[in-house]
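Below is one structure, written out as structure tokens, with a few remarks after it.
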Amino acid sequence: MLKINKQDALNYHEQSPAGKIEVVPTKPVSTQLDLALAYSPGVAEPCKAIAANKDDVYKYTAKGNLVGVISNGTAVLGLGNIGPDASKPVMEGKGVLFKKFAGLDCFDIEIDSTDPEEFVRIVKSLEPTFGGINLEDIKAPECFVIEKALREQMSIPLMHDDQHGTAIISSAALLNALEVVGKDIREIKLVVSGAGAAAISCLRLYRELGLNVANVTVFDKDGVINQHRTDLAELQMQFATSSSVTTLAEAMEGADVFLGLSAANVLPADLLLKMADNPIVFALANPDPEIVYELALATRPDIIMATGRSDHPNQVNNVLGFPYIFRGAMDVRATEINEAMKLAAVQALAELAKEPVPDMVNKAYGDNTLTFGRTYLIPKPLDPRLITTVSVAVAKAAMASGVARREITDWLAYEDELRSRLGVNQKLMNRITSAAKANPKRVVFAEGDNYKILKAAQIVYDEGIAVPILLGNRKKIEAIASANSLDLDGCQIIDILEEDAKRDEYAELIFRKRQRRGITLYEGRRLLRERNYYGSMMLETGEADAFITGLSKDYGKSILPSLQVIGVEDGVKRVAGMYIIQHRKGPFFFADTTVNIDPTAEEMVDIIGLSARTVRFFDTEPRVAVLSYSNFGSNPGPLPDKARQATELAKKRYPDLLLDGEMQANTALNPDLLREQYPFSELAEKGANTLIFPNVVSGNIAYKVLQEIGGAEVIGPVLMGMRKPVHILQLGASVREIVNMTAIAVVDAQTYSKPL
């Protein structure tokens, strides 16, 4: 009879708490013991724990990560009242977005009832199942009644996204549009077409932001909403006008903003001519807006336009909000989604739009010119920063407003958890970036006339990571910056062909340094017309603190000038290259992957020492495995012999280093396998995090396979052993990779004198 330990059963069912880095993977069910822990008899233990303390349901079940998407299909976007069955594809699609963008599990429920009281009773009864409820596609005015009742009766985050999602996203867009045109929300004249759930919620949130209701005129299908109407709900009548306006044409006279949440083509183009200067038009009807985008721009060239369509700028898309709002609310176990949390999401979205756009977003949308302004008021849905920006803002607002039942104290750790939910572990780079910001250094970029370098330079300057120095043709750099809306204020530009006196000075220095190595003064002057030599000399003379190159040249050609000008540090015989593999299981370090083609056993010992020191530089204790195709002598051959000899020599030179080999890669990374087959190994307890490859072929292939198909982010190559901070980019590196390398170079510059 299989005996189940109580604590083992509880451990099996325990969930990863918010604010922790590790995200617990899917539980194994591959053995009799696993099955007994997952179900009978082991499952009884968490059941008893929850019965004794109801809050333990969050500890031992997935409730805290589960959202219910619930609808009766009475107001499906663009389709109307199609009923619960026909609405199911939309609800399932909503669940996909929750999972994709926020890592939230989702279950959709379609309720066959149009009676608000019955609907409320059914949803209320589901509270034990879900950590949050997203109401969807319920017609007005019933949606107002339903949401109000459920908020009063339930103590989990709940939101009718059709109302509040649109309100939150359009509020962020409105704030930024008003900033662009220099208008005050307290003074604007607003005309609204539509008085349904979304329109009324927009007006309620705009009012929270300072909108003067007296300056608002609302129209529905029956005309203007004024104080004489008797056919509307109380919430709609809050925005009834007291003016004598009866037509849309009258209302549009001098209007600053038009908000459309109604139907296609209800706004005639000639009415745009009646609006104030720099009119703001949010035509959000889907799939076709209240006025055709191209017609609006042709009629009023000074217009700022937003729609609900992805093929136009400024798409007001609810996916910018609901996944992250629920993520933040559920992670602090909020009892509701209140006004403070909605306003926090608004401000977070508005501010994010003003930050430099990541290169991966530019690539996704095929546009390098995305920058805050008339055609970029709010972030794009595929911006990976949304989860750490909006979710964090919402969680903080929940805590500050007193509706959070769990506190987050380590916000950097929480941001790491958010990224890891989407398969990205940024803990290591967050630490490096924070350290760089604490003491930014001057970093010279050899390829300053490359768009990626310029984009990265703008980012590292704006974020306070580094002070960029750009080498290249000044006119070309300025042209690229202008064409791509890049702001290079704060970046020094040096056109080395204009710096005759400085080149002559550097030529004298390199001649003195290399005159017995085949370089004449004439040759020195010729070399200093190349940016890799010029940048290396800036670093050598202290006019820069770090040097980055290699984006457009192969590794060997990029590294040679720095080796000649700067050289290796004292006590180091050779340099080596390392890549950092960012994975959900943690960072791994691969060396040598770039420099030493086929090192000897003695040379591998040097690489091991450089690697161990570099891993410690990244605040990680190295656990080093020397790799081969053999496990501890299981296969003969020159390569296993070399790896085994390198291991023996390294253990003598570095007796305090946790090190073993030779071994196969899967053995090194699998502590269970090590304990089972090789319990004598020093790595049997935790496995390796630092892999030393026997030659550059194996190391290079390994990291590139992981980079392309292994679900890992690769950072590097990190050049180890130089006397001063020089780093060679991977050929064709992305902007993100350049930014990461710059942060590493800055921290390297802070501490580059490091004894072995």
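Chain labels run A, B, ... following the order of the structure tokens; each chain numbers its residues from 1, and ligands are numbered from 1 in the order shown.
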Worksheet item: Just asking: which residues within region 388-502 of chain A are helix (DSSP H, G or I) according to DSSP, as a PyMOL selection string?
Response: chain A and resi 388-400+411-421+427-438+451-462+474-483+496-498+500-502
Next, write the just-selected residues to a file, as a PDB file, in the first residue's frame, keeping C-alpha atoms as the atom set.
```pdb
ATOM      1  CA  THR A 388       5.058  45.260 -15.996  1.00  0.00           C
ATOM      2  CA  THR A 389       3.717  48.795 -16.422  1.00  0.00           C
ATOM      3  CA  VAL A 390      -0.045  48.412 -16.072  1.00  0.00           C
ATOM      4  CA  SER A 391      -0.154  45.402 -13.727  1.00  0.00           C
ATOM      5  CA  VAL A 392       2.288  47.013 -11.309  1.00  0.00           C
ATOM      6  CA  ALA A 393       0.369  50.313 -11.349  1.00  0.00           C
ATOM      7  CA  VAL A 394      -2.922  48.525 -10.678  1.00  0.00           C
ATOM      8  CA  ALA A 395      -1.450  46.399  -7.884  1.00  0.00           C
ATOM      9  CA  LYS A 396       0.042  49.479  -6.199  1.00  0.00           C
ATOM     10  CA  ALA A 397      -3.262  51.344  -6.488  1.00  0.00           C
ATOM     11  CA  ALA A 398      -5.143  48.410  -4.964  1.00  0.00           C
ATOM     12  CA  MET A 399      -2.773  48.407  -2.012  1.00  0.00           C
ATOM     13  CA  ALA A 400      -2.901  52.195  -1.592  1.00  0.00           C
ATOM     14  CA  TRP A 411       8.470  45.239  -6.834  1.00  0.00           C
ATOM     15  CA  LEU A 412      11.502  44.254  -8.893  1.00  0.00           C
ATOM     16  CA  ALA A 413      10.864  40.634  -7.972  1.00  0.00           C
ATOM     17  CA  TYR A 414       7.212  41.068  -8.913  1.00  0.00           C
ATOM     18  CA  GLU A 415       8.184  42.451 -12.312  1.00  0.00           C
ATOM     19  CA  ASP A 416      10.427  39.432 -12.808  1.00  0.00           C
ATOM     20  CA  GLU A 417       7.521  37.144 -11.961  1.00  0.00           C
ATOM     21  CA  LEU A 418       5.300  38.927 -14.461  1.00  0.00           C
ATOM     22  CA  ARG A 419       7.858  38.446 -17.213  1.00  0.00           C
ATOM     23  CA  SER A 420       8.465  34.836 -16.265  1.00  0.00           C
ATOM     24  CA  ARG A 421       4.746  34.120 -16.602  1.00  0.00           C
ATOM     25  CA  LYS A 427      16.039  38.897 -13.020  1.00  0.00           C
ATOM     26  CA  LEU A 428      19.706  38.976 -14.002  1.00  0.00           C
ATOM     27  CA  MET A 429      19.409  41.856 -16.483  1.00  0.00           C
ATOM     28  CA  ASN A 430      17.239  43.839 -14.069  1.00  0.00           C
ATOM     29  CA  ARG A 431      20.051  43.742 -11.534  1.00  0.00           C
ATOM     30  CA  ILE A 432      22.630  44.732 -14.137  1.00  0.00           C
ATOM     31  CA  THR A 433      20.453  47.560 -15.479  1.00  0.00           C
ATOM     32  CA  SER A 434      19.771  48.897 -11.984  1.00  0.00           C
ATOM     33  CA  ALA A 435      23.481  48.860 -11.223  1.00  0.00           C
ATOM     34  CA  ALA A 436      24.228  50.671 -14.481  1.00  0.00           C
ATOM     35  CA  LYS A 437      21.659  53.377 -13.707  1.00  0.00           C
ATOM     36  CA  ALA A 438      23.253  53.946 -10.314  1.00  0.00           C
ATOM     37  CA  TYR A 451      19.654  52.706 -36.983  1.00  0.00           C
ATOM     38  CA  LYS A 452      19.786  49.988 -34.314  1.00  0.00           C
ATOM     39  CA  ILE A 453      22.697  51.663 -32.544  1.00  0.00           C
ATOM     40  CA  LEU A 454      20.933  55.030 -32.643  1.00  0.00           C
ATOM     41  CA  LYS A 455      17.717  53.549 -31.279  1.00  0.00           C
ATOM     42  CA  ALA A 456      19.635  51.784 -28.509  1.00  0.00           C
ATOM     43  CA  ALA A 457      21.545  54.991 -27.760  1.00  0.00           C
ATOM     44  CA  GLN A 458      18.301  56.906 -27.307  1.00  0.00           C
ATOM     45  CA  ILE A 459      16.981  54.213 -24.956  1.00  0.00           C
ATOM     46  CA  VAL A 460      20.091  53.936 -22.779  1.00  0.00           C
ATOM     47  CA  TYR A 461      20.323  57.708 -22.475  1.00  0.00           C
ATOM     48  CA  ASP A 462      16.627  58.207 -21.718  1.00  0.00           C
ATOM     49  CA  ARG A 474      27.396  63.371 -38.646  1.00  0.00           C
ATOM     50  CA  LYS A 475      25.029  64.162 -41.525  1.00  0.00           C
ATOM     51  CA  LYS A 476      24.156  60.502 -41.994  1.00  0.00           C
ATOM     52  CA  ILE A 477      23.461  60.044 -38.282  1.00  0.00           C
ATOM     53  CA  GLU A 478      21.239  63.124 -38.190  1.00  0.00           C
ATOM     54  CA  ALA A 479      19.380  61.970 -41.310  1.00  0.00           C
ATOM     55  CA  ILE A 480      18.702  58.520 -39.844  1.00  0.00           C
ATOM     56  CA  ALA A 481      17.561  60.065 -36.580  1.00  0.00           C
ATOM     57  CA  SER A 482      15.218  62.455 -38.372  1.00  0.00           C
ATOM     58  CA  ALA A 483      13.765  59.754 -40.635  1.00  0.00           C
ATOM     59  CA  ILE A 496      36.339  60.933 -36.916  1.00  0.00           C
ATOM     60  CA  LEU A 497      37.189  62.173 -40.414  1.00  0.00           C
ATOM     61  CA  GLU A 498      36.712  65.714 -39.100  1.00  0.00           C
ATOM     62  CA  ASP A 500      42.433  65.480 -37.758  1.00  0.00           C
ATOM     63  CA  ALA A 501      44.295  66.665 -34.642  1.00  0.00           C
ATOM     64  CA  LYS A 502      42.816  63.948 -32.440  1.00  0.00           C
TER      65      LYS A 502
END
```
Write out as a tab-separated table the residues of region 200-255 of chain A that have any atom within 10 Å of an atom of region 122-143 of chain A, one row each with the nearest atom pair and its distance in Å to one decimal, counting only C-alpha atoms, sorted by chain and then rising number.
```
residue	atom	partner	partner_atom	distance
A:Ile200	CA	A:Ala140	CA	9.9
A:Leu232	CA	A:Pro141	CA	8.5
A:Ala233	CA	A:Pro141	CA	6.6
A:Glu234	CA	A:Pro141	CA	9.4
A:Leu235	CA	A:Pro141	CA	8.8
A:Gln236	CA	A:Pro141	CA	8.9
```
Would you put the residues from that selection into a file with all heavy atoms, as a compact mmCIF listing (two decimals), in the first residue's frame?
```
# COMPACT_ATOMS: atom_id res chain seq x y z
N ILE A 200 -21.10 55.65 -21.69
CA ILE A 200 -21.36 56.18 -20.35
C ILE A 200 -20.16 55.97 -19.44
O ILE A 200 -19.78 56.85 -18.65
CB ILE A 200 -22.63 55.55 -19.76
CG1 ILE A 200 -23.84 55.93 -20.61
CG2 ILE A 200 -22.83 55.98 -18.32
CD1 ILE A 200 -24.06 57.42 -20.78
N LEU A 232 -34.57 56.90 -20.39
CA LEU A 232 -33.18 56.50 -20.19
C LEU A 232 -32.91 56.14 -18.74
O LEU A 232 -33.63 56.57 -17.83
CB LEU A 232 -32.24 57.64 -20.62
CG LEU A 232 -32.33 58.03 -22.10
CD1 LEU A 232 -31.53 59.29 -22.36
CD2 LEU A 232 -31.81 56.89 -22.99
N ALA A 233 -31.81 55.37 -18.54
CA ALA A 233 -31.42 54.98 -17.19
C ALA A 233 -30.80 56.16 -16.45
O ALA A 233 -30.36 57.15 -17.06
CB ALA A 233 -30.41 53.83 -17.26
N GLU A 234 -30.74 56.03 -15.14
CA GLU A 234 -30.21 57.11 -14.31
C GLU A 234 -28.77 57.45 -14.68
O GLU A 234 -28.39 58.63 -14.72
CB GLU A 234 -30.30 56.70 -12.84
CG GLU A 234 -29.77 57.77 -11.88
CD GLU A 234 -29.77 57.31 -10.43
OE1 GLU A 234 -30.38 56.26 -10.14
OE2 GLU A 234 -29.15 57.99 -9.61
N LEU A 235 -27.96 56.44 -14.94
CA LEU A 235 -26.56 56.69 -15.30
C LEU A 235 -26.45 57.51 -16.57
O LEU A 235 -25.57 58.37 -16.70
CB LEU A 235 -25.82 55.36 -15.47
CG LEU A 235 -25.34 54.67 -14.20
CD1 LEU A 235 -24.76 53.29 -14.52
CD2 LEU A 235 -24.27 55.51 -13.50
N GLN A 236 -27.34 57.25 -17.53
CA GLN A 236 -27.30 58.02 -18.77
C GLN A 236 -27.76 59.45 -18.55
O GLN A 236 -27.19 60.39 -19.13
CB GLN A 236 -28.18 57.32 -19.82
CG GLN A 236 -27.63 55.95 -20.24
CD GLN A 236 -28.66 55.11 -20.97
OE1 GLN A 236 -29.78 54.96 -20.50
NE2 GLN A 236 -28.26 54.54 -22.11
```
Item to complete: Write down as a list in words the residues of region 575-638 of chain A whose backbone DSSP state falls under strand (DSSP E).
Response: Ala576, Gly577, Met578, Tyr579, Ile580, Ile581, Gln582, His583, Gly586, Pro587, Phe588, Phe589, Phe590, Ala591, Arg623, Val624, Ala625, Val626 and Leu627 of chain A
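Among the candidate residues A:Ala702, A:Leu297, A:Leu190, A:Val145, the one lying nearest to Glu253 (chain A) is A:Leu190, with distances computed using only C-alpha atoms.
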Worksheet entry | Selected residue of minimal separation from Leu261 (chain A) among A:Leu203, A:Ile559, A:Met604, A:Val43, counting only C-alpha atoms | A:Leu203
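Contact shell of region 275-285 of chain A at 6 Å (only C-alpha atoms; same-chain neighbours under 3 positions omitted): A:Met252, A:Glu253, A:Gly254, A:Ala255, A:Asp256, A:Val257, A:Phe258, A:Leu259, A:Gly260, A:Leu261, A:Ser262, A:Ala263, A:Leu272, A:Asp288, A:Pro289, A:Glu290, A:Asp302, A:Ile303, A:Ile304, A:Met305, A:Ala306, A:Thr307, A:Gly308.
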Go ahead and dump the residues you just picked, N, CA, C and O atoms, as an mmCIF file, in the first residue's frame.
```cif
data_model
loop_
_atom_site.group_PDB
_atom_site.id
_atom_site.type_symbol
_atom_site.label_atom_id
_atom_site.label_comp_id
_atom_site.auth_asym_id
_atom_site.auth_seq_id
_atom_site.Cartn_x
_atom_site.Cartn_y
_atom_site.Cartn_z
ATOM 1 N N MET A 252 -21.582 70.275 -32.736
ATOM 2 C CA MET A 252 -20.195 70.202 -33.223
ATOM 3 C C MET A 252 -19.568 71.580 -33.418
ATOM 4 O O MET A 252 -18.369 71.684 -33.656
ATOM 5 N N GLU A 253 -20.338 72.622 -33.325
ATOM 6 C CA GLU A 253 -19.809 73.984 -33.493
ATOM 7 C C GLU A 253 -18.807 74.277 -32.372
ATOM 8 O O GLU A 253 -19.169 74.371 -31.203
ATOM 9 N N GLY A 254 -17.522 74.412 -32.734
ATOM 10 C CA GLY A 254 -16.479 74.736 -31.766
ATOM 11 C C GLY A 254 -16.074 73.592 -30.854
ATOM 12 O O GLY A 254 -15.331 73.804 -29.882
ATOM 13 N N ALA A 255 -16.533 72.376 -31.148
ATOM 14 C CA ALA A 255 -16.199 71.230 -30.298
ATOM 15 C C ALA A 255 -14.706 70.902 -30.406
ATOM 16 O O ALA A 255 -14.111 70.977 -31.478
ATOM 17 N N ASP A 256 -14.125 70.532 -29.275
ATOM 18 C CA ASP A 256 -12.716 70.123 -29.255
ATOM 19 C C ASP A 256 -12.548 68.624 -29.490
ATOM 20 O O ASP A 256 -11.550 68.192 -30.080
ATOM 21 N N VAL A 257 -13.532 67.851 -29.002
ATOM 22 C CA VAL A 257 -13.419 66.389 -29.051
ATOM 23 C C VAL A 257 -14.744 65.786 -29.481
ATOM 24 O O VAL A 257 -15.820 66.206 -29.012
ATOM 25 N N PHE A 258 -14.653 64.799 -30.375
ATOM 26 C CA PHE A 258 -15.811 63.971 -30.725
ATOM 27 C C PHE A 258 -15.495 62.544 -30.310
ATOM 28 O O PHE A 258 -14.466 61.986 -30.686
ATOM 29 N N LEU A 259 -16.388 61.939 -29.535
ATOM 30 C CA LEU A 259 -16.254 60.544 -29.120
ATOM 31 C C LEU A 259 -17.392 59.753 -29.726
ATOM 32 O O LEU A 259 -18.569 60.011 -29.439
ATOM 33 N N GLY A 260 -17.059 58.787 -30.553
ATOM 34 C CA GLY A 260 -18.073 57.956 -31.196
ATOM 35 C C GLY A 260 -18.028 56.530 -30.695
ATOM 36 O O GLY A 260 -17.000 55.851 -30.809
ATOM 37 N N LEU A 261 -19.135 56.075 -30.134
ATOM 38 C CA LEU A 261 -19.300 54.679 -29.728
ATOM 39 C C LEU A 261 -20.711 54.267 -30.135
ATOM 40 O O LEU A 261 -21.541 53.882 -29.315
ATOM 41 N N SER A 262 -20.966 54.385 -31.441
ATOM 42 C CA SER A 262 -22.332 54.211 -31.928
ATOM 43 C C SER A 262 -22.386 53.328 -33.169
ATOM 44 O O SER A 262 -22.426 52.106 -33.056
ATOM 45 N N ALA A 263 -22.339 53.934 -34.350
ATOM 46 C CA ALA A 263 -22.502 53.170 -35.585
ATOM 47 C C ALA A 263 -21.672 53.804 -36.694
ATOM 48 O O ALA A 263 -21.216 54.949 -36.590
ATOM 49 N N LEU A 272 -16.832 68.138 -39.394
ATOM 50 C CA LEU A 272 -15.475 68.308 -38.868
ATOM 51 C C LEU A 272 -15.005 69.744 -39.039
ATOM 52 O O LEU A 272 -14.201 70.246 -38.236
ATOM 53 N N ASP A 288 -16.606 49.333 -38.515
ATOM 54 C CA ASP A 288 -16.458 50.554 -39.302
ATOM 55 C C ASP A 288 -16.731 51.770 -38.425
ATOM 56 O O ASP A 288 -17.763 51.841 -37.749
ATOM 57 N N PRO A 289 -15.829 52.747 -38.434
ATOM 58 C CA PRO A 289 -15.961 53.901 -37.538
ATOM 59 C C PRO A 289 -17.047 54.874 -37.981
ATOM 60 O O PRO A 289 -17.606 54.767 -39.086
ATOM 61 N N GLU A 290 -17.315 55.829 -37.107
ATOM 62 C CA GLU A 290 -18.345 56.834 -37.371
ATOM 63 C C GLU A 290 -18.019 57.696 -38.585
ATOM 64 O O GLU A 290 -18.917 58.279 -39.205
ATOM 65 N N ASP A 302 -5.462 68.865 -39.659
ATOM 66 C CA ASP A 302 -4.963 69.087 -38.304
ATOM 67 C C ASP A 302 -5.625 68.155 -37.280
ATOM 68 O O ASP A 302 -5.443 68.315 -36.075
ATOM 69 N N ILE A 303 -6.358 67.159 -37.754
ATOM 70 C CA ILE A 303 -7.103 66.280 -36.861
ATOM 71 C C ILE A 303 -6.181 65.294 -36.145
ATOM 72 O O ILE A 303 -5.135 64.900 -36.674
ATOM 73 N N ILE A 304 -6.551 64.918 -34.926
ATOM 74 C CA ILE A 304 -5.958 63.772 -34.235
ATOM 75 C C ILE A 304 -7.042 62.708 -34.159
ATOM 76 O O ILE A 304 -8.112 62.953 -33.582
ATOM 77 N N MET A 305 -6.765 61.560 -34.732
ATOM 78 C CA MET A 305 -7.810 60.556 -34.945
ATOM 79 C C MET A 305 -7.449 59.251 -34.260
ATOM 80 O O MET A 305 -6.298 58.801 -34.297
ATOM 81 N N ALA A 306 -8.437 58.628 -33.630
ATOM 82 C CA ALA A 306 -8.293 57.272 -33.096
ATOM 83 C C ALA A 306 -9.509 56.470 -33.520
ATOM 84 O O ALA A 306 -10.615 57.002 -33.657
ATOM 85 N N THR A 307 -9.292 55.180 -33.761
ATOM 86 C CA THR A 307 -10.388 54.278 -34.115
ATOM 87 C C THR A 307 -10.223 52.987 -33.319
ATOM 88 O O THR A 307 -9.285 52.844 -32.531
ATOM 89 N N GLY A 308 -11.117 52.055 -33.553
ATOM 90 C CA GLY A 308 -10.974 50.745 -32.946
ATOM 91 C C GLY A 308 -10.303 49.747 -33.861
ATOM 92 O O GLY A 308 -10.216 48.558 -33.540
#
```
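Restricting the calculation to only C-alpha atoms, the smallest distance between Ser244 (chain A) and any of A:Pro84, A:Ile225, A:Gln730, A:Thr230 is found for A:Ile225.
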Within 7 Å of region 309-315 of chain A, which residues of region 331-421 of chain A come that close, and what is the closest atom pair and distance in Å for each? Count only C-alpha atoms and give it as CSV.
```
residue,atom,partner,partner_atom,distance
A:Thr375,CA,A:Pro313,CA,5.4
A:Tyr376,CA,A:Asn314,CA,5.7
A:Leu377,CA,A:Asn314,CA,6.0
A:Ile378,CA,A:Asn314,CA,6.4
```
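Each of A:Met720, A:Leu729, A:Val346, A:Ile580 was compared to Gly550 (chain A) using only C-alpha atoms, and A:Leu729 turns out to be the nearest.
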Fill in: Residues near Lys724 (chain A), cut-off 12 Å, only C-alpha atoms, skip fewer than 5 positions along chain, as a PyMOL selection string
chain A and resi 443+536-542+544-548+562-563+565-570+575+719+745-754
